[in-house]
$ cat my_file22.cif   # mmCIF, C-alpha atoms (C1' of nucleotides)
data_work
loop_
_atom_site.label_atom_id
_atom_site.label_comp_id
_atom_site.auth_asym_id
_atom_site.auth_seq_id
_atom_site.Cartn_x
_atom_site.Cartn_y
_atom_site.Cartn_z
CA MET W 24 0.62 -43.01 -39.11
CA ALA W 25 -1.74 -41.93 -41.73
CA ALA W 26 -2.82 -38.41 -42.28
CA GLY W 27 -1.33 -36.21 -39.59
CA GLN W 28 0.71 -33.17 -40.43
CA GLY W 29 4.32 -34.17 -39.89
CA SER W 30 5.56 -30.88 -38.47
CA ALA W 31 4.52 -27.54 -37.10
CA SER W 32 5.58 -25.80 -40.31
CA GLU W 33 3.52 -28.17 -42.42
CA MET W 34 0.58 -27.47 -40.15
CA ALA W 35 1.08 -23.73 -40.41
CA ARG W 36 1.25 -24.01 -44.18
CA ALA W 37 -1.94 -26.08 -44.27
CA LEU W 38 -3.77 -23.59 -42.08
CA ASP W 39 -2.60 -20.71 -44.25
CA ALA W 40 -3.80 -22.55 -47.34
CA ALA W 41 -7.16 -23.08 -45.65
CA GLU W 42 -7.29 -19.41 -44.76
CA ALA W 43 -6.59 -18.47 -48.36
CA ARG W 44 -9.26 -20.83 -49.58
CA CYS W 45 -11.82 -19.31 -47.25
CA VAL W 46 -10.92 -15.76 -48.23
CA ARG W 47 -11.39 -16.71 -51.88
CA SER W 48 -14.87 -18.08 -51.14
CA GLY W 49 -15.85 -15.17 -48.92
CA ALA W 50 -15.90 -17.22 -45.74
CA GLN W 51 -14.27 -16.56 -42.41
CA LEU W 52 -11.83 -19.02 -40.90
CA THR W 53 -12.39 -17.85 -37.35
CA GLU W 54 -10.25 -18.75 -34.38
CA LEU W 55 -12.59 -21.57 -33.37
CA ARG W 56 -12.75 -23.02 -36.86
CA ARG W 57 -9.01 -22.78 -37.17
CA GLN W 58 -8.57 -24.60 -33.88
CA VAL W 59 -10.90 -27.42 -34.89
CA LEU W 60 -9.23 -27.71 -38.29
CA ALA W 61 -5.84 -27.90 -36.61
CA LEU W 62 -7.10 -30.67 -34.33
CA VAL W 63 -8.39 -32.64 -37.29
CA LEU W 64 -5.18 -32.15 -39.25
CA GLU W 65 -2.79 -33.02 -36.44
CA ALA W 66 -4.49 -36.36 -35.78
CA ASP W 67 -3.04 -39.33 -37.58
CA GLN W 68 -6.48 -40.85 -37.98
CA PRO W 69 -10.06 -39.72 -38.35
CA LEU W 70 -11.45 -38.29 -35.12
CA GLY W 71 -15.03 -38.32 -33.93
CA ALA W 72 -16.80 -35.11 -32.99
CA TYR W 73 -16.59 -35.88 -29.29
CA ALA W 74 -12.91 -36.77 -29.45
CA LEU W 75 -12.38 -33.39 -31.07
CA LEU W 76 -14.54 -31.79 -28.43
CA ASP W 77 -12.41 -33.26 -25.65
CA ARG W 78 -9.25 -31.88 -27.22
CA LEU W 79 -10.86 -28.56 -27.97
CA LYS W 80 -11.75 -28.13 -24.31
CA ALA W 81 -8.05 -27.80 -23.50
CA GLN W 82 -8.04 -24.51 -25.41
CA ARG W 83 -11.69 -23.62 -24.93
CA PRO W 84 -13.05 -24.86 -21.62
CA GLY W 85 -16.65 -23.90 -22.34
CA ALA W 86 -16.85 -25.92 -25.55
CA ALA W 87 -19.97 -28.04 -26.01
CA PRO W 88 -21.25 -30.31 -28.81
CA PRO W 89 -22.69 -27.48 -30.91
CA THR W 90 -19.35 -25.69 -30.71
CA VAL W 91 -17.54 -28.46 -32.50
CA TYR W 92 -20.39 -29.48 -34.81
CA ARG W 93 -20.80 -25.95 -36.11
CA ALA W 94 -17.12 -25.70 -36.83
CA LEU W 95 -17.17 -29.11 -38.52
CA ASP W 96 -20.16 -28.14 -40.66
CA PHE W 97 -18.30 -25.07 -41.81
CA LEU W 98 -15.13 -27.00 -42.60
CA LEU W 99 -17.14 -29.61 -44.50
CA GLU W 100 -18.85 -26.92 -46.55
CA GLN W 101 -15.52 -25.36 -47.37
CA GLY W 102 -14.16 -28.73 -48.43
CA LEU W 103 -11.37 -28.51 -45.89
CA ILE W 104 -12.30 -31.77 -44.22
CA HIS W 105 -14.28 -34.89 -45.05
CA LYS W 106 -16.57 -37.04 -43.00
CA VAL W 107 -15.88 -40.76 -42.93
CA GLU W 108 -19.41 -42.14 -42.70
CA ARG W 109 -18.44 -45.62 -41.63
CA LEU W 110 -16.61 -44.19 -38.62
CA ASN W 111 -18.70 -41.12 -37.88
CA ALA W 112 -15.38 -39.36 -37.89
CA PHE W 113 -13.65 -36.47 -39.61
CA ILE W 114 -10.38 -36.21 -41.48
CA GLY W 115 -8.51 -33.49 -43.31
CA CYS W 116 -8.91 -33.25 -47.06
CA VAL W 117 -5.61 -33.88 -48.81
CA GLU W 118 -6.58 -31.57 -51.67
CA ALA W 119 -7.06 -28.68 -49.29
CA GLY W 120 -3.41 -28.82 -48.26
CA HIS W 121 -2.33 -27.29 -51.55
CA ASP W 122 -2.70 -23.56 -51.97
CA HIS W 123 -2.71 -23.39 -55.75
CA GLY W 124 -4.77 -20.42 -56.67
CA HIS W 125 -7.07 -21.94 -59.29
CA ASP W 126 -10.41 -22.79 -57.86
CA HIS W 127 -11.24 -26.44 -57.83
CA ASP W 128 -14.24 -25.54 -55.78
CA HIS W 129 -16.04 -28.49 -57.30
CA ALA W 130 -16.58 -31.25 -54.76
CA HIS W 131 -13.63 -33.41 -55.69
CA ASP W 132 -14.48 -37.09 -55.81
CA HIS W 133 -12.53 -39.05 -53.32
CA GLN W 134 -12.41 -42.49 -51.75
CA PHE W 135 -11.26 -43.71 -48.38
CA LEU W 136 -9.41 -46.88 -47.55
CA ILE W 137 -9.67 -47.58 -43.84
CA CYS W 138 -7.24 -50.02 -42.25
CA GLY W 139 -9.07 -52.20 -39.75
CA SER W 140 -5.83 -52.99 -37.98
CA CYS W 141 -4.06 -49.65 -37.42
CA GLY W 142 -6.89 -47.25 -38.18
CA ALA W 143 -4.92 -45.47 -40.89
CA THR W 144 -7.24 -43.89 -43.41
CA ILE W 145 -5.94 -43.26 -46.91
CA GLU W 146 -7.65 -40.77 -49.16
CA LEU W 147 -7.64 -41.55 -52.84
CA SER W 148 -8.78 -39.43 -55.75
CA ASP W 149 -9.17 -42.21 -58.22
CA HIS W 150 -10.67 -41.04 -61.44
CA ALA W 151 -11.57 -44.54 -62.64
CA VAL W 152 -13.67 -45.22 -59.56
CA ALA W 153 -15.44 -41.88 -59.83
CA HIS W 154 -16.00 -42.42 -63.52
CA ALA W 155 -17.36 -45.94 -63.11
CA LEU W 156 -19.81 -44.73 -60.51
CA ALA W 157 -20.89 -41.78 -62.64
CA ASP W 158 -21.38 -44.18 -65.53
CA ALA W 159 -23.46 -46.60 -63.52
CA ALA W 160 -25.61 -43.75 -62.23
CA ARG W 161 -26.13 -42.30 -65.69
CA ARG W 162 -27.17 -45.70 -66.97
CA VAL W 163 -30.15 -45.72 -64.60
CA GLY W 164 -30.91 -42.04 -65.12
CA PHE W 165 -29.69 -40.97 -61.71
CA GLN W 166 -28.08 -37.57 -61.25
CA LEU W 167 -25.20 -37.70 -58.77
CA ARG W 168 -24.67 -34.93 -56.29
CA LYS W 169 -22.31 -36.37 -53.72
CA THR W 170 -20.61 -39.72 -53.54
CA THR W 171 -19.40 -41.68 -50.55
CA VAL W 172 -16.87 -44.38 -51.33
CA GLU W 173 -15.25 -46.02 -48.34
CA ALA W 174 -13.61 -49.39 -47.94
CA GLU W 175 -12.42 -51.26 -44.90
CA GLY W 176 -9.52 -53.70 -45.03
CA LEU W 177 -5.81 -53.89 -44.36
CA CYS W 178 -3.21 -51.33 -45.35
CA ALA W 179 0.09 -52.33 -46.95
CA ALA W 180 2.07 -51.81 -43.74
CA CYS W 181 -0.22 -54.01 -41.67
CA LEU W 182 -0.28 -56.68 -44.37
CA ALA W 183 3.52 -56.70 -44.38
CA ALA W 184 3.56 -56.95 -40.61
CA GLY W 185 1.34 -60.01 -40.81
CA ALA W 186 -1.61 -58.16 -39.42
CA GLY W 187 -3.91 -60.49 -41.30
CA ALA W 188 -3.12 -63.16 -38.71
CA ALA W 189 -2.82 -60.71 -35.84
CA VAL W 190 -6.25 -59.29 -36.46
CA ALA W 191 -7.81 -62.72 -36.34
CA ALA W 192 -5.75 -64.09 -33.46
CA SER W 193 -4.94 -61.39 -30.93
CA PRO W 194 -7.61 -59.75 -28.82
CA GLY W 195 -5.64 -56.58 -28.33
CA MET P 8 -41.54 -45.94 -54.42
CA ALA P 9 -38.29 -47.68 -54.38
CA ALA P 10 -37.66 -50.97 -52.73
CA GLY P 11 -40.86 -52.13 -51.08
CA GLN P 12 -42.41 -55.45 -51.92
CA GLY P 13 -45.30 -54.72 -54.21
CA SER P 14 -47.68 -57.34 -52.90
CA ALA P 15 -48.31 -59.81 -50.12
CA SER P 16 -47.34 -62.71 -52.36
CA GLU P 17 -44.06 -61.08 -53.30
CA MET P 18 -43.38 -60.55 -49.63
CA ALA P 19 -44.21 -64.16 -48.82
CA ARG P 20 -41.92 -65.33 -51.58
CA ALA P 21 -39.11 -63.10 -50.34
CA LEU P 22 -39.51 -64.37 -46.79
CA ASP P 23 -39.52 -67.96 -48.00
CA ALA P 24 -36.35 -67.30 -49.98
CA ALA P 25 -34.77 -65.81 -46.86
CA GLU P 26 -35.86 -68.84 -44.89
CA ALA P 27 -34.27 -71.15 -47.45
CA ARG P 28 -31.09 -69.13 -47.39
CA CYS P 29 -30.86 -69.39 -43.62
CA VAL P 30 -31.51 -73.11 -43.63
CA ARG P 31 -28.68 -73.55 -46.11
CA SER P 32 -26.30 -71.64 -43.86
CA GLY P 33 -27.46 -73.38 -40.71
CA ALA P 34 -29.07 -70.30 -39.22
CA GLN P 35 -32.54 -69.83 -37.82
CA LEU P 36 -34.90 -67.26 -39.19
CA THR P 37 -36.91 -66.95 -36.00
CA GLU P 38 -40.25 -65.21 -35.67
CA LEU P 39 -38.63 -61.99 -34.46
CA ARG P 40 -36.08 -61.95 -37.26
CA ARG P 41 -38.77 -62.70 -39.78
CA GLN P 42 -40.87 -59.82 -38.45
CA VAL P 43 -37.99 -57.38 -38.66
CA LEU P 44 -37.06 -58.57 -42.13
CA ALA P 45 -40.68 -58.13 -43.23
CA LEU P 46 -40.69 -54.59 -41.84
CA VAL P 47 -37.51 -53.76 -43.75
CA LEU P 48 -38.81 -55.30 -46.96
CA GLU P 49 -42.24 -53.71 -46.88
CA ALA P 50 -40.82 -50.21 -46.51
CA ASP P 51 -40.27 -48.33 -49.73
CA GLN P 52 -37.20 -46.68 -48.35
CA PRO P 53 -34.42 -47.45 -45.90
CA LEU P 54 -35.62 -47.39 -42.30
CA GLY P 55 -33.65 -46.49 -39.21
CA ALA P 56 -33.42 -48.89 -36.31
CA TYR P 57 -35.78 -46.82 -34.20
CA ALA P 58 -38.34 -46.49 -36.97
CA LEU P 59 -38.28 -50.27 -37.23
CA LEU P 60 -38.56 -50.50 -33.47
CA ASP P 61 -41.69 -48.34 -33.47
CA ARG P 62 -43.34 -50.55 -36.05
CA LEU P 63 -42.19 -53.71 -34.36
CA LYS P 64 -43.86 -52.61 -31.15
CA ALA P 65 -47.23 -53.04 -32.83
CA GLN P 66 -46.57 -56.76 -33.00
CA ARG P 67 -44.27 -57.03 -30.02
CA PRO P 68 -45.12 -54.48 -27.34
CA GLY P 69 -42.09 -55.26 -25.19
CA ALA P 70 -39.59 -54.56 -27.94
CA ALA P 71 -36.58 -52.42 -27.02
CA PRO P 72 -33.50 -51.25 -28.91
CA PRO P 73 -31.54 -54.49 -28.39
CA THR P 74 -34.50 -56.44 -29.77
CA VAL P 75 -34.29 -54.77 -33.13
CA TYR P 76 -30.50 -54.39 -33.24
CA ARG P 77 -29.96 -58.08 -32.60
CA ALA P 78 -32.33 -58.99 -35.39
CA LEU P 79 -30.67 -56.49 -37.70
CA ASP P 80 -27.22 -57.86 -36.90
CA PHE P 81 -28.41 -61.32 -37.80
CA LEU P 82 -29.99 -60.20 -41.04
CA LEU P 83 -26.84 -58.28 -41.98
CA GLU P 84 -24.69 -61.35 -41.31
CA GLN P 85 -26.96 -63.45 -43.48
CA GLY P 86 -26.76 -60.88 -46.23
CA LEU P 87 -30.52 -60.43 -46.21
CA ILE P 88 -30.33 -56.71 -45.64
CA HIS P 89 -27.78 -53.92 -46.04
CA LYS P 90 -27.00 -50.90 -43.96
CA VAL P 91 -26.97 -47.52 -45.67
CA GLU P 92 -24.21 -45.74 -43.79
CA ARG P 93 -25.12 -42.26 -44.92
CA LEU P 94 -28.60 -42.67 -43.49
CA ASN P 95 -27.94 -44.99 -40.57
CA ALA P 96 -30.74 -47.01 -42.05
CA PHE P 97 -31.44 -50.50 -43.32
CA ILE P 98 -32.78 -51.81 -46.59
CA GLY P 99 -33.49 -55.22 -48.06
CA CYS P 100 -30.86 -56.81 -50.27
CA VAL P 101 -32.16 -57.24 -53.79
CA GLU P 102 -30.00 -60.34 -54.30
CA ALA P 103 -31.63 -62.05 -51.35
CA GLY P 104 -35.02 -61.93 -53.04
CA HIS P 105 -34.01 -64.68 -55.45
CA ASP P 106 -34.09 -68.22 -54.18
CA HIS P 107 -31.72 -69.75 -56.68
CA GLY P 108 -30.01 -72.62 -54.96
CA HIS P 109 -26.41 -71.90 -55.86
CA ASP P 110 -24.55 -70.23 -53.05
CA HIS P 111 -23.37 -66.77 -53.77
CA ASP P 112 -22.55 -66.52 -50.11
CA HIS P 113 -19.71 -64.17 -50.99
CA ALA P 114 -20.44 -60.63 -49.86
CA HIS P 115 -21.72 -59.28 -53.15
CA ASP P 116 -20.42 -55.85 -53.99
CA HIS P 117 -23.19 -53.36 -54.25
CA GLN P 118 -23.76 -49.64 -54.50
CA PHE P 119 -26.59 -47.42 -53.39
CA LEU P 120 -28.07 -44.42 -55.15
CA ILE P 121 -30.12 -42.38 -52.71
CA CYS P 122 -32.61 -39.89 -54.06
CA GLY P 123 -32.48 -36.71 -52.01
CA SER P 124 -35.97 -35.77 -53.11
CA CYS P 125 -38.15 -38.86 -52.64
CA GLY P 126 -35.85 -40.97 -50.51
CA ALA P 127 -35.89 -43.86 -52.95
CA THR P 128 -32.75 -45.92 -52.66
CA ILE P 129 -31.63 -47.98 -55.63
CA GLU P 130 -29.27 -50.88 -55.16
CA LEU P 131 -26.82 -51.51 -57.95
CA SER P 132 -24.40 -54.39 -58.40
CA ASP P 133 -22.13 -52.70 -60.85
CA HIS P 134 -19.10 -54.75 -61.64
CA ALA P 135 -17.18 -51.88 -63.17
CA VAL P 136 -17.44 -49.83 -59.98
CA ALA P 137 -16.39 -52.74 -57.80
CA HIS P 138 -13.54 -53.53 -60.16
CA ALA P 139 -12.29 -49.95 -60.31
CA LEU P 140 -12.24 -49.76 -56.53
CA ALA P 141 -10.48 -53.11 -56.22
CA ASP P 142 -7.93 -51.89 -58.75
CA ALA P 143 -7.32 -48.63 -56.96
CA ALA P 144 -6.86 -50.47 -53.68
CA ARG P 145 -4.45 -53.00 -55.16
CA ARG P 146 -2.40 -50.19 -56.63
CA VAL P 147 -1.65 -48.88 -53.13
CA GLY P 148 -1.23 -52.35 -51.64
CA PHE P 149 -4.48 -52.25 -49.71
CA GLN P 150 -6.45 -55.43 -49.17
CA LEU P 151 -10.19 -54.81 -49.34
CA ARG P 152 -12.56 -56.54 -46.97
CA LYS P 153 -15.77 -54.58 -47.24
CA THR P 154 -16.73 -51.68 -49.44
CA THR P 155 -19.31 -48.96 -48.94
CA VAL P 156 -20.35 -47.12 -52.07
CA GLU P 157 -23.24 -44.73 -51.67
CA ALA P 158 -24.25 -41.71 -53.65
CA GLU P 159 -26.83 -39.03 -53.04
CA GLY P 160 -28.59 -37.22 -55.85
CA LEU P 161 -31.83 -37.30 -57.82
CA CYS P 162 -33.54 -40.37 -59.22
CA ALA P 163 -34.91 -40.49 -62.75
CA ALA P 164 -38.51 -40.06 -61.63
CA CYS P 165 -37.77 -36.95 -59.58
CA LEU P 166 -35.65 -35.50 -62.37
CA ALA P 167 -38.52 -36.01 -64.78
CA ALA P 168 -40.91 -34.39 -62.32
CA GLY P 169 -38.67 -31.37 -62.18
CA ALA P 170 -37.55 -32.17 -58.70
CA GLY P 171 -34.33 -30.31 -59.30
CA ALA P 172 -36.28 -27.11 -58.80
CA ALA P 173 -38.65 -28.62 -56.23
CA VAL P 174 -35.78 -29.69 -54.01
CA ALA P 175 -34.45 -26.17 -53.89
CA ALA P 176 -37.84 -24.52 -53.52
CA SER P 177 -40.22 -26.66 -51.50
CA PRO P 178 -39.64 -27.88 -47.98
CA GLY P 179 -41.60 -31.08 -48.50
"C1'" DG E 23 -34.11 -88.33 -16.63
"C1'" DC E 24 -30.64 -84.86 -15.31
"C1'" DG E 25 -27.30 -81.30 -15.67
"C1'" DA E 26 -24.15 -78.50 -18.83
"C1'" DA E 27 -23.88 -75.76 -22.79
"C1'" DT E 28 -25.93 -72.92 -26.30
"C1'" DT E 29 -29.19 -69.90 -28.44
"C1'" DC E 30 -32.70 -66.52 -28.34
"C1'" DG E 31 -34.69 -62.65 -26.66
"C1'" DG E 32 -36.70 -59.66 -22.59
"C1'" DT E 33 -35.15 -55.98 -19.64
"C1'" DT E 34 -32.53 -52.17 -17.57
"C1'" DA E 35 -29.25 -49.02 -17.95
"C1'" DC E 36 -26.04 -46.66 -20.33
"C1'" DT E 37 -22.77 -44.58 -24.00
"C1'" DA E 38 -22.14 -42.21 -28.31
"C1'" DT E 39 -23.61 -39.18 -31.95
"C1'" DA E 40 -26.10 -35.17 -33.37
"C1'" DT E 41 -29.39 -31.25 -33.30
"C1'" DA E 42 -32.99 -27.71 -31.62
"C1'" DA E 43 -33.72 -23.52 -29.61
"C1'" DC E 44 -32.64 -19.41 -27.17
"C1'" DG E 45 -29.77 -15.53 -26.37
"C1'" DC E 46 -25.87 -12.40 -26.36
"C1'" DG E 47 -22.28 -9.53 -28.33
"C1'" DG E 48 -19.95 -7.51 -32.13
"C1'" DG E 49 -19.80 -5.99 -36.77
"C1'" DT E 50 -22.15 -3.60 -40.98
"C1'" DG E 51 -25.34 -0.64 -43.44
"C1'" DC E 52 -28.27 2.96 -43.35
"C1'" DG M 6 -29.43 4.59 -33.10
"C1'" DC M 7 -31.20 0.64 -34.88
"C1'" DA M 8 -32.14 -3.31 -37.68
"C1'" DC M 9 -29.76 -7.07 -39.41
"C1'" DC M 10 -26.64 -10.91 -39.81
"C1'" DC M 11 -23.14 -13.77 -38.06
"C1'" DG M 12 -20.51 -16.43 -34.76
"C1'" DC M 13 -20.75 -18.68 -30.75
"C1'" DG M 14 -22.06 -19.77 -25.73
"C1'" DT M 15 -25.50 -22.36 -23.32
"C1'" DT M 16 -29.16 -25.61 -22.08
"C1'" DA M 17 -31.80 -29.24 -23.27
"C1'" DT M 18 -33.09 -32.96 -26.06
"C1'" DA M 19 -33.27 -36.15 -29.94
"C1'" DT M 20 -31.37 -40.13 -32.34
"C1'" DA M 21 -28.23 -44.16 -32.76
"C1'" DG M 22 -26.08 -47.98 -30.70
"C1'" DT M 23 -24.23 -51.22 -26.71
"C1'" DA M 24 -23.29 -53.54 -22.25
"C1'" DA M 25 -24.73 -56.58 -18.96
"C1'" DC M 26 -27.75 -59.49 -16.72
"C1'" DC M 27 -31.49 -62.68 -16.74
"C1'" DG M 28 -34.66 -66.51 -17.85
"C1'" DA M 29 -36.85 -69.78 -21.12
"C1'" DA M 30 -36.20 -73.28 -24.59
"C1'" DT M 31 -33.37 -76.49 -27.01
"C1'" DT M 32 -29.65 -79.69 -27.59
"C1'" DC M 33 -26.12 -82.71 -26.09
"C1'" DG M 34 -23.77 -86.09 -23.27
"C1'" DC M 35 -24.28 -89.46 -20.14
#
$ encode --input "my_file22.cif" --output "structure tokens"
Amino acid sequence: MAAGQGSASEMARALDAAEARCVRSGAQLTELRRQVLALVLEADQPLGAYALLDRLKAQRPGAAPPTVYRALDFLLEQGLIHKVERLNAFIGCVEAGHDHGHDHDHAHDHQFLICGSCGATIELSDHAVAHALADAARRVGFQLRKTTVEAEGLCAACLAAGAGAAVAASPG
Amino acid sequence: MAAGQGSASEMARALDAAEARCVRSGAQLTELRRQVLALVLEADQPLGAYALLDRLKAQRPGAAPPTVYRALDFLLEQGLIHKVERLNAFIGCVEAGHDHGHDHDHAHDHQFLICGSCGATIELSDHAVAHALADAARRVGFQLRKTTVEAEGLCAACLAAGAGAAVAASPG
DNA sequence: GCGAATTCGGTTACTATATAACGCGGGTGC
DNA sequence: GCACCCGCGTTATATAGTAACCGAATTCGC
């Protein structure tokens, strides 16, 4: 388990928060976009566009790649989801789950820790990391626009379960 | 301009250094691998696998995707090149250009700053960034194995040239 | 020398990821 | 009514990456 919404009510709350966010920014969270967002949020790990497409087809038989990519582009723009570049996969943004009214429309800096054993992906919002990177960029005169910080390794649960050995030893 | 070798002699030196590195680790820098490495190094920006393939075909008409991917895998393993995840592209490792004999075979932590205007990609080896990320991971009990830190923005040269406006205005 | 094992790379075919381009229908403004 | 924009269906295609099989060259053991 990693990121999935634990219950239907949590999901409903998250979708409502997303709706509110879109209204505030003058965007429309249409039925399709809502469906795709729900699929991303209910997964307990990042899902690829085609995995999402497969699931979307259950509700929307005619769905094709552009269907899901357009929805994903929208959700990315709205900051409701993130793309995990190392996995070519998409995951809900933890920040978006809160419906506090003040706009933190700024692209919040985040980092991902991806467990190579269980696939859990943890989103961090570590200020020190963001600051260090901003510092390093400034030192060479580079103006940051968007940062991608992702790490692969082993999560605490898998470490405790001795996954370090399991990963090396077992094929499955 | 960003990463390309400035001259034939620099290139030769870099290839010799790569050769030495491979010898030390018991690997073979074959003709194919050398060709692909040269193509990566002579580019002034990260190149995709298929761009490399196109260029490789000039020297090796029969080349196909596996040809270039196998060479790239080898070069990545040897730490001679890096993959830029955001671009699905490959770039020479600045560290590999130096032929100092001591083994820093450890995967050196690096960061990329990608200019959205000119495509230049700057490799940093900022300790503070690496340390901050390691710290953040440790705090949540996550064991790091490989980190990917990439940022998109504007390089100093493009900022000076007023690229901030140019990026918004001109298509080129 | 001869065969087994390994490494390298050519070749074919395929999977996965992502986008281009066209068109339709429904709203909005005038 | 009509021009316009938006959302989305639809078809086709581009780009990225792998699987699987094969043969040549080298090395190793004997």
$ resolve_selection --input "my_file22.cif" --expression "the PyMOL selection byres ((chain W) within 8 of (chain P))" --output "PyMOL selection string"
chain W and resi 108-109+136+149+151-152+155-156+159-160+163-179+182
$ resolve_selection --input "my_file22.cif" --expression "the PyMOL selection byres ((chain W) within 10 of (chain M))" --output "NGL selection string"
:W and (51 or 53 or 55 or 85-87 or 89-90 or 93-94)
$ atom_distance --input "my_file22.cif" --atom1 "atom C1' of DT37 of chain E" --atom2 "atom CA of Leu75 of chain W"
16.8 Å
$ interface_residues --input "my_file22.cif" --of "chain W" --to "chain E" --cutoff "9 Å" --atoms "all atoms listed in the file" --output "short mmCIF file (atom, residue, chain, number, x, y, z; two decimals) with C-alpha atoms, keeping the file's coordinate frame"
data_model
loop_
_atom_site.label_atom_id
_atom_site.label_comp_id
_atom_site.auth_asym_id
_atom_site.auth_seq_id
_atom_site.Cartn_x
_atom_site.Cartn_y
_atom_site.Cartn_z
CA GLY W 71 -15.03 -38.32 -33.93
CA ALA W 72 -16.80 -35.11 -32.99
CA TYR W 73 -16.59 -35.88 -29.29
CA PRO W 88 -21.25 -30.31 -28.81
CA PRO W 89 -22.69 -27.48 -30.91
CA TYR W 92 -20.39 -29.48 -34.81
CA ASN W 111 -18.70 -41.12 -37.88
#
$ atom_distance --input "my_file22.cif" --atom1 "atom CA of Ala74 of chain W" --atom2 "atom CA of Glu42 of chain W"
23.8 Å
$ residues_near_point --input "my_file22.cif" --point "(-37.4, -51.1, -45.1)" --cutoff "10 Å" --atoms "only C-alpha atoms (C1' of nucleotides)" --output "list of chain:residue names"
P:Ala9, P:Ala10, P:Gly11, P:Gln12, P:Val43, P:Leu44, P:Ala45, P:Leu46, P:Val47, P:Leu48, P:Glu49, P:Ala50, P:Asp51, P:Gln52, P:Pro53, P:Leu54, P:Gly55, P:Ala56, P:Ala58, P:Leu59, P:Ile88, P:Ala96, P:Phe97, P:Ile98, P:Gly99
$ atom_distance --input "my_file22.cif" --atom1 "atom CA of Glu146 of chain W" --atom2 "atom CA of Thr128 of chain P"
25.9 Å
$ build_atoms --input "my_file22.cif" --residues "segment 88-100 of chain P" --atoms "N, CA and C atoms" --output "PDB file, keeping the file's coordinate frame"
ATOM      1  N   ILE P  88     -30.123 -58.156 -45.578  1.00  0.00           N
ATOM      2  CA  ILE P  88     -30.330 -56.710 -45.640  1.00  0.00           C
ATOM      3  C   ILE P  88     -28.964 -56.014 -45.719  1.00  0.00           C
ATOM      4  N   HIS P  89     -28.986 -54.752 -46.037  1.00  0.00           N
ATOM      5  CA  HIS P  89     -27.780 -53.920 -46.040  1.00  0.00           C
ATOM      6  C   HIS P  89     -28.013 -52.733 -45.139  1.00  0.00           C
ATOM      7  N   LYS P  90     -26.913 -52.167 -44.681  1.00  0.00           N
ATOM      8  CA  LYS P  90     -27.000 -50.900 -43.960  1.00  0.00           C
ATOM      9  C   LYS P  90     -26.569 -49.775 -44.883  1.00  0.00           C
ATOM     10  N   VAL P  91     -27.354 -48.717 -44.910  1.00  0.00           N
ATOM     11  CA  VAL P  91     -26.970 -47.520 -45.670  1.00  0.00           C
ATOM     12  C   VAL P  91     -26.295 -46.582 -44.679  1.00  0.00           C
ATOM     13  N   GLU P  92     -24.983 -46.473 -44.793  1.00  0.00           N
ATOM     14  CA  GLU P  92     -24.210 -45.740 -43.790  1.00  0.00           C
ATOM     15  C   GLU P  92     -24.574 -44.267 -43.724  1.00  0.00           C
ATOM     16  N   ARG P  93     -24.810 -43.687 -44.882  1.00  0.00           N
ATOM     17  CA  ARG P  93     -25.120 -42.260 -44.920  1.00  0.00           C
ATOM     18  C   ARG P  93     -26.400 -41.934 -44.191  1.00  0.00           C
ATOM     19  N   LEU P  94     -27.295 -42.910 -44.082  1.00  0.00           N
ATOM     20  CA  LEU P  94     -28.600 -42.670 -43.490  1.00  0.00           C
ATOM     21  C   LEU P  94     -28.755 -43.351 -42.137  1.00  0.00           C
ATOM     22  N   ASN P  95     -27.775 -44.136 -41.738  1.00  0.00           N
ATOM     23  CA  ASN P  95     -27.940 -44.990 -40.570  1.00  0.00           C
ATOM     24  C   ASN P  95     -29.273 -45.714 -40.670  1.00  0.00           C
ATOM     25  N   ALA P  96     -29.463 -46.366 -41.787  1.00  0.00           N
ATOM     26  CA  ALA P  96     -30.740 -47.010 -42.050  1.00  0.00           C
ATOM     27  C   ALA P  96     -30.513 -48.331 -42.766  1.00  0.00           C
ATOM     28  N   PHE P  97     -31.568 -49.146 -42.808  1.00  0.00           N
ATOM     29  CA  PHE P  97     -31.440 -50.500 -43.320  1.00  0.00           C
ATOM     30  C   PHE P  97     -32.415 -50.740 -44.451  1.00  0.00           C
ATOM     31  N   ILE P  98     -31.986 -51.567 -45.394  1.00  0.00           N
ATOM     32  CA  ILE P  98     -32.780 -51.810 -46.590  1.00  0.00           C
ATOM     33  C   ILE P  98     -32.590 -53.263 -47.001  1.00  0.00           C
ATOM     34  N   GLY P  99     -33.598 -53.840 -47.619  1.00  0.00           N
ATOM     35  CA  GLY P  99     -33.490 -55.220 -48.060  1.00  0.00           C
ATOM     36  C   GLY P  99     -32.470 -55.375 -49.172  1.00  0.00           C
ATOM     37  N   CYS P 100     -31.812 -56.529 -49.199  1.00  0.00           N
ATOM     38  CA  CYS P 100     -30.860 -56.810 -50.270  1.00  0.00           C
ATOM     39  C   CYS P 100     -31.612 -57.394 -51.448  1.00  0.00           C
TER      40      CYS P 100
END
